[in-house]
Amino acid sequence: MNDWYALTTAPRHEMALVSLLRKDEALRHELSVADAYCPVERYHVWLKMKRHPIERLRTLTPRYVFVRCRDPLRVVAGLAEHGAQDVLMRCGTFEDEPAPISNAAIEQVKVREAEIAMKRARRTDRSKRQIRQGSTIKVGDRIEIPHLGINVANTPVEQIVGGRAEASFGGMRLTMALEDLSAA
């Protein structure tokens, strides 16, 4: 079974390295890499000349990428030209050996990443006031679209812009007027 290892990267090469490992099947097979992961936070930037925000990504573990593989030293050597620099080593041993990371620890990092995303969504929440007269729908609410017969109770409202709520449902992006929605 492959273990997870933390690789150090050149500054701002984390997402490019993970993207390369996920896209290039031949490289992944050559280096025996099962998976690559870099926790990220999504945020929005308003530019002067744009009328809508631009979504950007920021790594939560700068200069570190998690890779699931058999031989992390070989992976670093194979990815050196793409920004990989070293492997996090185990302390307190006579010989330097890579420090494996448990699957449970990686799952905790993924849970923490999701918590940060939810906090970010709450920070942009306008729930302290009603958006329109009679509307109480806010970011994070589960919604129903009664006149279309669509129940998207498992999908929360992601964003409210003006009088419209945005949510994702079944791979589609829904944008509906607040007056057409009701809380599920």
# chains A, B, ... in the order shown; residues from 1 in each chain; ligands from 1

$ residues_around --residues "Tyr64 in chain A" --least-positions-apart "6" --cutoff "12 Å" --atoms "only C-alpha atoms" --output "VMD selection string"
chain A and resid 5 to 18 36 to 40 83 to 88

$ write_last_selection --atoms "N, CA and C atoms" --output "PDB file, in the first residue's frame"
ATOM      1  N   TYR A   5       3.157  11.282   1.685  1.00  0.00           N
ATOM      2  CA  TYR A   5       4.373  11.980   2.089  1.00  0.00           C
ATOM      3  C   TYR A   5       4.201  13.464   1.762  1.00  0.00           C
ATOM      4  N   ALA A   6       4.882  14.304   2.541  1.00  0.00           N
ATOM      5  CA  ALA A   6       4.851  15.745   2.292  1.00  0.00           C
ATOM      6  C   ALA A   6       6.102  16.125   1.518  1.00  0.00           C
ATOM      7  N   LEU A   7       5.918  16.691   0.328  1.00  0.00           N
ATOM      8  CA  LEU A   7       7.035  17.170  -0.473  1.00  0.00           C
ATOM      9  C   LEU A   7       7.120  18.683  -0.336  1.00  0.00           C
ATOM     10  N   THR A   8       8.334  19.197  -0.232  1.00  0.00           N
ATOM     11  CA  THR A   8       8.506  20.648  -0.249  1.00  0.00           C
ATOM     12  C   THR A   8       8.695  21.070  -1.699  1.00  0.00           C
ATOM     13  N   THR A   9       8.197  22.253  -2.005  1.00  0.00           N
ATOM     14  CA  THR A   9       8.259  22.753  -3.381  1.00  0.00           C
ATOM     15  C   THR A   9       8.886  24.135  -3.411  1.00  0.00           C
ATOM     16  N   ALA A  10       9.204  24.574  -4.586  1.00  0.00           N
ATOM     17  CA  ALA A  10       9.639  25.954  -4.782  1.00  0.00           C
ATOM     18  C   ALA A  10       8.435  26.855  -4.485  1.00  0.00           C
ATOM     19  N   PRO A  11       8.675  28.103  -4.116  1.00  0.00           N
ATOM     20  CA  PRO A  11       7.547  28.998  -3.820  1.00  0.00           C
ATOM     21  C   PRO A  11       6.560  29.088  -4.988  1.00  0.00           C
ATOM     22  N   ARG A  12       5.295  28.975  -4.664  1.00  0.00           N
ATOM     23  CA  ARG A  12       4.176  29.099  -5.613  1.00  0.00           C
ATOM     24  C   ARG A  12       4.167  28.041  -6.715  1.00  0.00           C
ATOM     25  N   HIS A  13       4.715  26.876  -6.456  1.00  0.00           N
ATOM     26  CA  HIS A  13       4.689  25.778  -7.417  1.00  0.00           C
ATOM     27  C   HIS A  13       3.769  24.641  -6.960  1.00  0.00           C
ATOM     28  N   GLU A  14       3.078  24.828  -5.845  1.00  0.00           N
ATOM     29  CA  GLU A  14       2.281  23.748  -5.271  1.00  0.00           C
ATOM     30  C   GLU A  14       1.170  23.277  -6.205  1.00  0.00           C
ATOM     31  N   MET A  15       0.336  24.204  -6.645  1.00  0.00           N
ATOM     32  CA  MET A  15      -0.822  23.820  -7.460  1.00  0.00           C
ATOM     33  C   MET A  15      -0.405  23.338  -8.847  1.00  0.00           C
ATOM     34  N   ALA A  16       0.658  23.903  -9.395  1.00  0.00           N
ATOM     35  CA  ALA A  16       1.144  23.455 -10.699  1.00  0.00           C
ATOM     36  C   ALA A  16       1.654  22.021 -10.613  1.00  0.00           C
ATOM     37  N   LEU A  17       2.317  21.688  -9.519  1.00  0.00           N
ATOM     38  CA  LEU A  17       2.841  20.339  -9.334  1.00  0.00           C
ATOM     39  C   LEU A  17       1.715  19.318  -9.181  1.00  0.00           C
ATOM     40  N   VAL A  18       0.714  19.657  -8.389  1.00  0.00           N
ATOM     41  CA  VAL A  18      -0.437  18.760  -8.214  1.00  0.00           C
ATOM     42  C   VAL A  18      -1.191  18.612  -9.532  1.00  0.00           C
ATOM     43  N   ALA A  36      -2.149  12.946  -5.598  1.00  0.00           N
ATOM     44  CA  ALA A  36      -1.470  14.172  -5.158  1.00  0.00           C
ATOM     45  C   ALA A  36      -2.535  15.121  -4.649  1.00  0.00           C
ATOM     46  N   TYR A  37      -2.196  15.885  -3.610  1.00  0.00           N
ATOM     47  CA  TYR A  37      -3.186  16.743  -2.963  1.00  0.00           C
ATOM     48  C   TYR A  37      -2.517  17.989  -2.405  1.00  0.00           C
ATOM     49  N   CYS A  38      -3.164  19.108  -2.593  1.00  0.00           N
ATOM     50  CA  CYS A  38      -2.722  20.372  -1.999  1.00  0.00           C
ATOM     51  C   CYS A  38      -3.980  21.096  -1.530  1.00  0.00           C
ATOM     52  N   PRO A  39      -4.142  21.287  -0.213  1.00  0.00           N
ATOM     53  CA  PRO A  39      -5.350  21.975   0.263  1.00  0.00           C
ATOM     54  C   PRO A  39      -5.338  23.446  -0.147  1.00  0.00           C
ATOM     55  N   VAL A  40      -6.479  23.915  -0.637  1.00  0.00           N
ATOM     56  CA  VAL A  40      -6.568  25.292  -1.125  1.00  0.00           C
ATOM     57  C   VAL A  40      -7.777  26.001  -0.522  1.00  0.00           C
ATOM     58  N   GLY A  83       9.611  21.938  -9.841  1.00  0.00           N
ATOM     59  CA  GLY A  83       9.474  22.676  -8.589  1.00  0.00           C
ATOM     60  C   GLY A  83       9.560  21.851  -7.322  1.00  0.00           C
ATOM     61  N   ALA A  84       9.623  20.521  -7.416  1.00  0.00           N
ATOM     62  CA  ALA A  84       9.761  19.694  -6.210  1.00  0.00           C
ATOM     63  C   ALA A  84      11.184  19.838  -5.685  1.00  0.00           C
ATOM     64  N   GLN A  85      11.325  19.986  -4.352  1.00  0.00           N
ATOM     65  CA  GLN A  85      12.649  20.207  -3.795  1.00  0.00           C
ATOM     66  C   GLN A  85      13.107  19.118  -2.845  1.00  0.00           C
ATOM     67  N   ASP A  86      12.251  18.652  -1.946  1.00  0.00           N
ATOM     68  CA  ASP A  86      12.680  17.691  -0.943  1.00  0.00           C
ATOM     69  C   ASP A  86      11.468  16.972  -0.364  1.00  0.00           C
ATOM     70  N   VAL A  87      11.738  16.008   0.529  1.00  0.00           N
ATOM     71  CA  VAL A  87      10.701  15.264   1.223  1.00  0.00           C
ATOM     72  C   VAL A  87      10.836  15.574   2.706  1.00  0.00           C
ATOM     73  N   LEU A  88       9.721  15.693   3.395  1.00  0.00           N
ATOM     74  CA  LEU A  88       9.751  15.888   4.831  1.00  0.00           C
ATOM     75  C   LEU A  88      10.291  14.606   5.463  1.00  0.00           C
TER      76      LEU A  88
END

$ closest_residue --among "A:Leu47, A:Leu57, A:Val33, A:Val139" --to "Leu20 in chain A" --atoms "only C-alpha atoms"
A:Val33

$ closest_residue --among "A:Arg90, A:Lys48, A:Lys110, A:Arg42" --to "Phe66 in chain A" --atoms "only C-alpha atoms"
A:Lys110

$ closest_atom_pairs --of "range 41-60 of chain A" --to "range 112-119 of chain A" --cutoff "12 Å" --atoms "only C-alpha atoms" --output "Markdown table"
| residue | atom | partner | partner_atom | distance |
| --- | --- | --- | --- | --- |
| A:Glu41 | CA | A:Ala117 | CA | 6.6 |
| A:Arg42 | CA | A:Ala117 | CA | 7.2 |
| A:Tyr43 | CA | A:Ala117 | CA | 9.1 |
| A:Leu57 | CA | A:Ala117 | CA | 11.4 |
| A:Arg58 | CA | A:Glu113 | CA | 11.4 |
| A:Thr59 | CA | A:Glu113 | CA | 10.1 |
| A:Leu60 | CA | A:Glu113 | CA | 8.0 |

$ residues_around --residues "Val161 in chain A" --least-positions-apart "6" --cutoff "10 Å" --atoms "only C-alpha atoms" --output "ChimeraX atom specification"
/A:52,131,175,177-178

$ residues_around --residues "Pro156 in chain A" --least-positions-apart "3" --cutoff "6 Å" --atoms "only C-alpha atoms" --output "VMD selection string"
chain A and resid 140 to 142

$ write_last_selection --atoms "N, CA and C atoms" --output "PDB file, in the first residue's frame"
ATOM      1  N   GLY A 140     -26.051  29.644   2.412  1.00  0.00           N
ATOM      2  CA  GLY A 140     -26.010  28.441   3.243  1.00  0.00           C
ATOM      3  C   GLY A 140     -27.359  27.774   3.407  1.00  0.00           C
ATOM      4  N   ASP A 141     -28.478  28.491   3.111  1.00  0.00           N
ATOM      5  CA  ASP A 141     -29.811  27.897   3.219  1.00  0.00           C
ATOM      6  C   ASP A 141     -30.006  26.824   2.154  1.00  0.00           C
ATOM      7  N   ARG A 142     -30.775  25.815   2.489  1.00  0.00           N
ATOM      8  CA  ARG A 142     -31.197  24.796   1.528  1.00  0.00           C
ATOM      9  C   ARG A 142     -32.481  25.324   0.889  1.00  0.00           C
TER      10      ARG A 142
END

$ atom_distance --atom1 "CA of Ala77 in chain A" --atom2 "CA of Ser32 in chain A"
12.7 Å
